[in-house]
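File shown here: protein.pdb, holding PDB, C-alpha atoms, pLDDT in the B column.
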```pdb
ATOM      1  CA  MET Q   1      33.553 -17.649 -22.493  1.00 63.00           C
ATOM      2  CA  ARG Q   2      31.474 -20.022 -24.577  1.00 87.00           C
ATOM      3  CA  LEU Q   3      28.013 -20.701 -23.249  1.00 91.00           C
ATOM      4  CA  THR Q   4      25.616 -23.443 -24.212  1.00 92.00           C
ATOM      5  CA  ALA Q   5      22.149 -22.517 -25.452  1.00 92.00           C
ATOM      6  CA  LYS Q   6      20.701 -23.368 -22.011  1.00 91.00           C
ATOM      7  CA  GLN Q   7      23.349 -21.281 -20.267  1.00 93.00           C
ATOM      8  CA  LYS Q   8      22.632 -18.290 -22.548  1.00 93.00           C
ATOM      9  CA  LYS Q   9      18.923 -18.614 -21.786  1.00 93.00           C
ATOM     10  CA  PHE Q  10      19.764 -18.909 -18.077  1.00 93.00           C
ATOM     11  CA  VAL Q  11      21.807 -15.671 -18.245  1.00 92.00           C
ATOM     12  CA  ASP Q  12      18.974 -13.852 -20.060  1.00 92.00           C
ATOM     13  CA  SER Q  13      16.364 -15.022 -17.567  1.00 91.00           C
ATOM     14  CA  TYR Q  14      18.553 -14.382 -14.525  1.00 90.00           C
ATOM     15  CA  ILE Q  15      19.259 -10.810 -15.621  1.00 88.00           C
ATOM     16  CA  ALA Q  16      15.526 -10.216 -16.084  1.00 87.00           C
ATOM     17  CA  ASP Q  17      14.543 -11.036 -12.490  1.00 85.00           C
ATOM     18  CA  SER Q  18      17.605 -12.177 -10.467  1.00 87.00           C
ATOM     19  CA  ASN Q  19      15.962 -15.504  -9.556  1.00 92.00           C
ATOM     20  CA  ALA Q  20      18.336 -18.393 -10.268  1.00 92.00           C
ATOM     21  CA  THR Q  21      15.728 -21.152  -9.835  1.00 93.00           C
ATOM     22  CA  LYS Q  22      13.259 -19.440 -12.136  1.00 93.00           C
ATOM     23  CA  ALA Q  23      16.016 -18.754 -14.671  1.00 93.00           C
ATOM     24  CA  ALA Q  24      17.011 -22.435 -14.647  1.00 94.00           C
ATOM     25  CA  LEU Q  25      13.402 -23.487 -15.243  1.00 95.00           C
ATOM     26  CA  GLU Q  26      13.012 -20.982 -18.091  1.00 94.00           C
ATOM     27  CA  ALA Q  27      16.296 -22.187 -19.597  1.00 94.00           C
ATOM     28  CA  GLY Q  28      14.895 -25.704 -19.765  1.00 94.00           C
ATOM     29  CA  TYR Q  29      16.427 -27.428 -16.747  1.00 94.00           C
ATOM     30  CA  SER Q  30      14.190 -29.939 -14.982  1.00 93.00           C
ATOM     31  CA  LYS Q  31      11.906 -28.818 -12.174  1.00 93.00           C
ATOM     32  CA  ARG Q  32      13.566 -31.329  -9.841  1.00 94.00           C
ATOM     33  CA  THR Q  33      17.089 -29.923 -10.352  1.00 93.00           C
ATOM     34  CA  ALA Q  34      16.334 -26.269 -11.181  1.00 92.00           C
ATOM     35  CA  ARG Q  35      17.159 -24.942  -7.717  1.00 93.00           C
ATOM     36  CA  PHE Q  36      20.514 -26.737  -7.553  1.00 93.00           C
ATOM     37  CA  VAL Q  37      21.451 -25.981 -11.173  1.00 92.00           C
ATOM     38  CA  GLY Q  38      20.497 -22.323 -10.762  1.00 92.00           C
ATOM     39  CA  ALA Q  39      22.744 -21.908  -7.727  1.00 92.00           C
ATOM     40  CA  GLU Q  40      25.533 -23.905  -9.378  1.00 93.00           C
ATOM     41  CA  ASN Q  41      25.358 -21.838 -12.572  1.00 93.00           C
ATOM     42  CA  LEU Q  42      25.973 -18.675 -10.562  1.00 91.00           C
ATOM     43  CA  THR Q  43      29.299 -20.133  -9.391  1.00 91.00           C
ATOM     44  CA  LYS Q  44      30.542 -21.075 -12.868  1.00 92.00           C
ATOM     45  CA  PRO Q  45      33.147 -18.541 -14.022  1.00 91.00           C
ATOM     46  CA  ASN Q  46      31.933 -18.335 -17.631  1.00 93.00           C
ATOM     47  CA  ILE Q  47      28.297 -17.780 -16.613  1.00 92.00           C
ATOM     48  CA  LYS Q  48      29.263 -15.335 -13.873  1.00 91.00           C
ATOM     49  CA  ALA Q  49      31.413 -13.406 -16.368  1.00 91.00           C
ATOM     50  CA  ALA Q  50      28.549 -13.303 -18.904  1.00 92.00           C
ATOM     51  CA  ILE Q  51      26.153 -11.980 -16.248  1.00 90.00           C
ATOM     52  CA  ASP Q  52      28.679  -9.389 -15.028  1.00 89.00           C
ATOM     53  CA  GLU Q  53      29.410  -8.196 -18.565  1.00 89.00           C
ATOM     54  CA  ARG Q  54      25.729  -7.902 -19.406  1.00 87.00           C
ATOM     55  CA  MET Q  55      24.988  -6.069 -16.144  1.00 85.00           C
ATOM     56  CA  LYS Q  56      27.820  -3.644 -16.825  1.00 83.00           C
ATOM     57  CA  ARG Q  57      26.357  -2.852 -20.261  1.00 81.00           C
ATOM     58  CA  LEU Q  58      22.877  -2.435 -18.807  1.00 78.00           C
ATOM     59  CA  GLU Q  59      24.202  -0.274 -15.999  1.00 74.00           C
ATOM     60  CA  SER Q  60      25.938   2.108 -18.346  1.00 73.00           C
ATOM     61  CA  ASP Q  61      22.879   2.397 -20.583  1.00 68.00           C
ATOM     62  CA  LYS Q  62      19.990   2.381 -18.135  1.00 70.00           C
ATOM     63  CA  ILE Q  63      21.184   3.678 -14.767  1.00 73.00           C
ATOM     64  CA  ALA Q  64      21.686   7.370 -14.118  1.00 74.00           C
ATOM     65  CA  LYS Q  65      25.133   8.279 -12.875  1.00 76.00           C
ATOM     66  CA  ALA Q  66      25.592  10.430  -9.785  1.00 77.00           C
ATOM     67  CA  ALA Q  67      26.586  13.480 -11.852  1.00 81.00           C
ATOM     68  CA  GLU Q  68      23.414  13.183 -13.931  1.00 83.00           C
ATOM     69  CA  VAL Q  69      21.254  13.021 -10.805  1.00 84.00           C
ATOM     70  CA  LEU Q  70      23.002  16.041  -9.275  1.00 85.00           C
ATOM     71  CA  GLN Q  71      22.563  18.000 -12.509  1.00 89.00           C
ATOM     72  CA  TYR Q  72      18.851  17.203 -12.542  1.00 89.00           C
ATOM     73  CA  PHE Q  73      18.371  18.218  -8.897  1.00 87.00           C
ATOM     74  CA  THR Q  74      20.187  21.455  -9.707  1.00 89.00           C
ATOM     75  CA  THR Q  75      17.904  22.233 -12.676  1.00 91.00           C
ATOM     76  CA  VAL Q  76      14.862  21.671 -10.461  1.00 90.00           C
ATOM     77  CA  LEU Q  77      16.308  23.792  -7.651  1.00 87.00           C
ATOM     78  CA  ARG Q  78      17.062  26.646 -10.053  1.00 89.00           C
ATOM     79  CA  GLY Q  79      13.630  26.414 -11.657  1.00 88.00           C
ATOM     80  CA  GLU Q  80      15.097  25.456 -15.045  1.00 91.00           C
ATOM     81  CA  ALA Q  81      13.339  22.081 -15.273  1.00 90.00           C
ATOM     82  CA  LYS Q  82       9.857  22.224 -16.749  1.00 90.00           C
ATOM     83  CA  GLU Q  83       6.928  19.892 -16.265  1.00 86.00           C
ATOM     84  CA  THR Q  84       4.310  19.511 -18.968  1.00 87.00           C
ATOM     85  CA  ILE Q  85       0.811  19.462 -17.530  1.00 85.00           C
ATOM     86  CA  ILE Q  86      -2.567  19.269 -19.209  1.00 86.00           C
ATOM     87  CA  VAL Q  87      -5.040  21.976 -18.243  1.00 84.00           C
ATOM     88  CA  SER Q  88      -8.690  22.300 -19.067  1.00 86.00           C
ATOM     89  CA  THR Q  89      -9.671  25.264 -21.203  1.00 86.00           C
ATOM     90  CA  PRO Q  90     -13.033  26.397 -22.568  1.00 89.00           C
ATOM     91  CA  ASP Q  91     -11.943  24.958 -25.924  1.00 87.00           C
ATOM     92  CA  GLY Q  92     -10.859  21.556 -24.506  1.00 86.00           C
ATOM     93  CA  ALA Q  93      -7.446  20.680 -23.105  1.00 87.00           C
ATOM     94  CA  GLU Q  94      -4.096  22.329 -23.537  1.00 87.00           C
ATOM     95  CA  SER Q  95      -0.584  21.337 -22.497  1.00 87.00           C
ATOM     96  CA  VAL Q  96       1.355  23.919 -20.508  1.00 87.00           C
ATOM     97  CA  GLU Q  97       5.006  24.019 -19.418  1.00 89.00           C
ATOM     98  CA  ASN Q  98       5.002  24.453 -15.660  1.00 87.00           C
ATOM     99  CA  ASP Q  99       7.920  25.594 -13.475  1.00 89.00           C
ATOM    100  CA  PRO Q 100       8.806  23.431 -10.461  1.00 88.00           C
ATOM    101  CA  SER Q 101       6.811  24.297  -7.365  1.00 87.00           C
ATOM    102  CA  ILE Q 102       8.510  25.687  -4.293  1.00 86.00           C
ATOM    103  CA  LYS Q 103       7.931  22.317  -2.634  1.00 88.00           C
ATOM    104  CA  ASP Q 104       9.709  20.555  -5.522  1.00 89.00           C
ATOM    105  CA  ARG Q 105      12.576  23.042  -5.422  1.00 87.00           C
ATOM    106  CA  MET Q 106      12.949  22.598  -1.652  1.00 87.00           C
ATOM    107  CA  ALA Q 107      13.010  18.813  -2.039  1.00 88.00           C
ATOM    108  CA  ALA Q 108      15.711  19.091  -4.716  1.00 86.00           C
ATOM    109  CA  GLY Q 109      17.720  21.384  -2.442  1.00 84.00           C
ATOM    110  CA  LYS Q 110      17.484  18.918   0.437  1.00 83.00           C
ATOM    111  CA  GLU Q 111      18.615  16.082  -1.824  1.00 84.00           C
ATOM    112  CA  LEU Q 112      21.611  18.126  -2.973  1.00 80.00           C
ATOM    113  CA  LEU Q 113      22.553  19.038   0.613  1.00 76.00           C
ATOM    114  CA  LYS Q 114      22.504  15.360   1.577  1.00 75.00           C
ATOM    115  CA  ARG Q 115      25.295  14.816  -0.926  1.00 73.00           C
ATOM    116  CA  TYR Q 116      27.373  17.749   0.341  1.00 69.00           C
ATOM    117  CA  PRO Q 117      27.268  17.364   4.124  1.00 59.00           C
ATOM    118  CA  ALA Q 118      30.423  19.405   4.706  1.00 58.00           C
ATOM    119  CA  ASP Q 119      28.488  22.518   3.700  1.00 58.00           C
ATOM    120  CA  ASP Q 120      25.765  21.908   6.293  1.00 63.00           C
ATOM    121  CA  ARG Q 121      26.202  24.301   9.266  1.00 71.00           C
ATOM    122  CA  MET Q 122      24.144  22.128  11.624  1.00 68.00           C
ATOM    123  CA  LEU Q 123      26.239  19.096  10.796  1.00 65.00           C
ATOM    124  CA  GLY Q 124      29.370  21.169  11.403  1.00 71.00           C
ATOM    125  CA  ALA Q 125      28.122  22.161  14.840  1.00 75.00           C
ATOM    126  CA  GLN Q 126      27.283  18.550  15.685  1.00 71.00           C
ATOM    127  CA  ILE Q 127      30.762  17.450  14.595  1.00 74.00           C
ATOM    128  CA  LYS Q 128      32.391  20.140  16.771  1.00 81.00           C
ATOM    129  CA  LYS Q 129      30.338  18.972  19.754  1.00 81.00           C
ATOM    130  CA  LEU Q 130      31.330  15.355  19.183  1.00 79.00           C
ATOM    131  CA  GLU Q 131      35.002  16.323  18.831  1.00 83.00           C
ATOM    132  CA  ALA Q 132      34.849  18.265  22.123  1.00 85.00           C
ATOM    133  CA  GLU Q 133      33.248  15.299  23.878  1.00 82.00           C
ATOM    134  CA  ALA Q 134      35.920  13.016  22.439  1.00 82.00           C
ATOM    135  CA  ASP Q 135      38.659  15.344  23.732  1.00 83.00           C
ATOM    136  CA  ILE Q 136      37.097  15.292  27.213  1.00 83.00           C
ATOM    137  CA  MET Q 137      36.916  11.505  27.185  1.00 81.00           C
ATOM    138  CA  ALA Q 138      40.568  11.284  26.072  1.00 78.00           C
ATOM    139  CA  ALA Q 139      41.604  13.592  28.905  1.00 77.00           C
ATOM    140  CA  LYS Q 140      39.638  11.463  31.372  1.00 73.00           C
ATOM    141  CA  ALA Q 141      41.287   8.308  30.099  1.00 72.00           C
ATOM    142  CA  SER Q 142      44.761   9.782  30.475  1.00 70.00           C
ATOM    143  CA  ALA Q 143      43.891  11.005  33.996  1.00 64.00           C
ATOM    144  CA  TYR Q 144      42.877   7.514  35.011  1.00 65.00           C
ATOM    145  CA  ARG Q 145      46.254   6.263  33.823  1.00 60.00           C
ATOM    146  CA  ALA Q 146      48.206   8.890  35.789  1.00 57.00           C
ATOM    147  CA  PRO Q 147      49.896   7.578  38.947  1.00 61.00           C
ATOM    148  CA  GLU Q 148      48.254   8.655  42.206  1.00 59.00           C
ATOM    149  CA  GLY Q 149      49.358  12.138  43.267  1.00 58.00           C
ATOM    150  CA  GLN Q 150      50.950  12.989  39.877  1.00 59.00           C
ATOM    151  CA  ASP Q 151      47.900  14.267  38.049  1.00 55.00           C
ATOM    152  CA  GLY Q 152      48.354  17.883  39.160  1.00 57.00           C
ATOM    153  CA  GLY Q 153      44.680  18.211  40.109  1.00 63.00           C
ATOM    154  CA  LEU Q 154      43.526  16.945  36.726  1.00 63.00           C
ATOM    155  CA  ASN Q 155      41.066  14.519  38.307  1.00 64.00           C
ATOM    156  CA  LYS Q 156      39.377  17.390  40.166  1.00 67.00           C
ATOM    157  CA  LEU Q 157      39.226  19.458  36.981  1.00 68.00           C
ATOM    158  CA  LEU Q 158      37.785  16.562  35.001  1.00 65.00           C
ATOM    159  CA  ALA Q 159      35.210  15.891  37.711  1.00 68.00           C
ATOM    160  CA  ALA Q 160      34.117  19.538  37.574  1.00 68.00           C
ATOM    161  CA  ILE Q 161      33.887  19.423  33.764  1.00 71.00           C
ATOM    162  CA  ASP Q 162      32.020  16.143  33.922  1.00 70.00           C
ATOM    163  CA  GLU Q 163      29.443  17.619  36.295  1.00 72.00           C
ATOM    164  CA  SER Q 164      28.877  20.587  33.996  1.00 69.00           C
ATOM    165  CA  ILE Q 165      28.082  18.469  30.905  1.00 70.00           C
ATOM    166  CA  PRO Q 166      24.324  18.027  30.473  1.00 66.00           C
ATOM    167  CA  ARG Q 167      23.246  14.423  29.949  1.00 63.00           C
ATOM    168  CA  ASP Q 168      20.218  13.239  28.001  1.00 58.00           C
ATOM    169  CA  GLY Q 169      17.305  13.052  30.401  1.00 52.00           C
ATOM    170  CA  ASP Q 170      18.985  15.243  33.054  1.00 50.00           C
ATOM    171  CA  VAL Q 171      16.825  17.955  34.539  1.00 49.00           C
ATOM    172  CA  ASN Q 172      18.510  21.025  35.973  1.00 49.00           C
ATOM    173  CA  ASP Q 173      17.376  21.433  39.565  1.00 47.00           C
ATOM    174  CA  ASN Q 174      18.426  24.809  40.907  1.00 47.00           C
ATOM    175  CA  SER Q 175      16.437  24.487  44.156  1.00 44.00           C
ATOM    176  CA  ASN Q 176      19.555  23.491  46.234  1.00 44.00           C
TER     177      ASN Q 176
END
```

Whole structure, structure tokens version:
Amino acid sequence: MRLTAKQKKFVDSYIADSNATKAALEAGYSKRTARFVGAENLTKPNIKAAIDERMKRLESDKIAKAAEVLQYFTTVLRGEAKETIIVSTPDGAESVENDPSIKDRMAAGKELLKRYPADDRMLGAQIKKLEAEADIMAAKASAYRAPEGQDGGLNKLLAAIDESIPRDGDVNDNSN
């Protein structure tokens, strides 16, 4: 995994802004060939490996993991997180530890619920509705495959069910 000085500079520059042409220029490649060399460098196994290794190190150091984010949302939701604010006093300014607002706590709760959709009652109801509609469609499909006269009245039953299902944009007209 040996890299030349130019390749090392290319890796450093590419990691900084993810622009291969710019990284090639900063590494010292000519303006005329920078675009080609930049793209080519990204296909070279040793350069690709150096970039991947560096990104992995940066990721582990700089990027919050999912558990960390969930823990933070939970501290905000529970009112445990504090925000330091500066307030004006007759004697000047003073820093005060402030609890999260209700708006902040609600936002944290919504973010947590997005990550646990199985606990959402509305989502559960929507899933049940979709499953029921899927069952109806499966029954219709099997009825269409049944030989004429052997469906035991299933087509009539399905037609009645079909008529009773409200469609988007349908308006119930009870004047008949």

Give me the residues near Tyr29 in chain Q as a PyMOL selection string, where near means some atom within 12 Å (using all atoms listed in the file) and where sequence neighbours in that chain fewer than 4 positions away do not count. chain Q and resi 5-7+9-10+20-25+33-38+41

Find the residue from Q:Arg115, Q:Lys31, Q:Lys129, Q:Lys48 that sits nearest to Lys8 in chain Q; use only C-alpha atoms when measuring. Q:Lys48

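Taking CA of Asn46 in chain Q and CA of Arg2 in chain Q as the two end points, the separation is 7.2 Å.
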
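Using only C-alpha atoms for every distance, the candidate list Q:Asn98, Q:Met137, Q:Asp162, Q:Phe73 yields Q:Asn98 as the residue closest to Ile85 in chain Q.
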
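Distance check against Val96 in chain Q using all atoms listed in the file: of Q:Glu26, Q:Glu59, Q:Glu83, Q:Glu111, the minimum falls on Q:Glu83.
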
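Counting from CA of Ala27 in chain Q, the distance to CA of Leu58 in chain Q is 20.8 Å.
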
Kindly indicate which residue among Q:Ile127, Q:Lys110, Q:Ile136, Q:Ile15 lies nearest to Arg57 in chain Q, using all atoms listed in the file for the distances. Q:Ile15

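Here the question is which of Q:Ile161, Q:Ala64, Q:Ala16, Q:Leu113 gets nearest to Ala132 in chain Q using all atoms listed in the file, and that residue is Q:Ile161.
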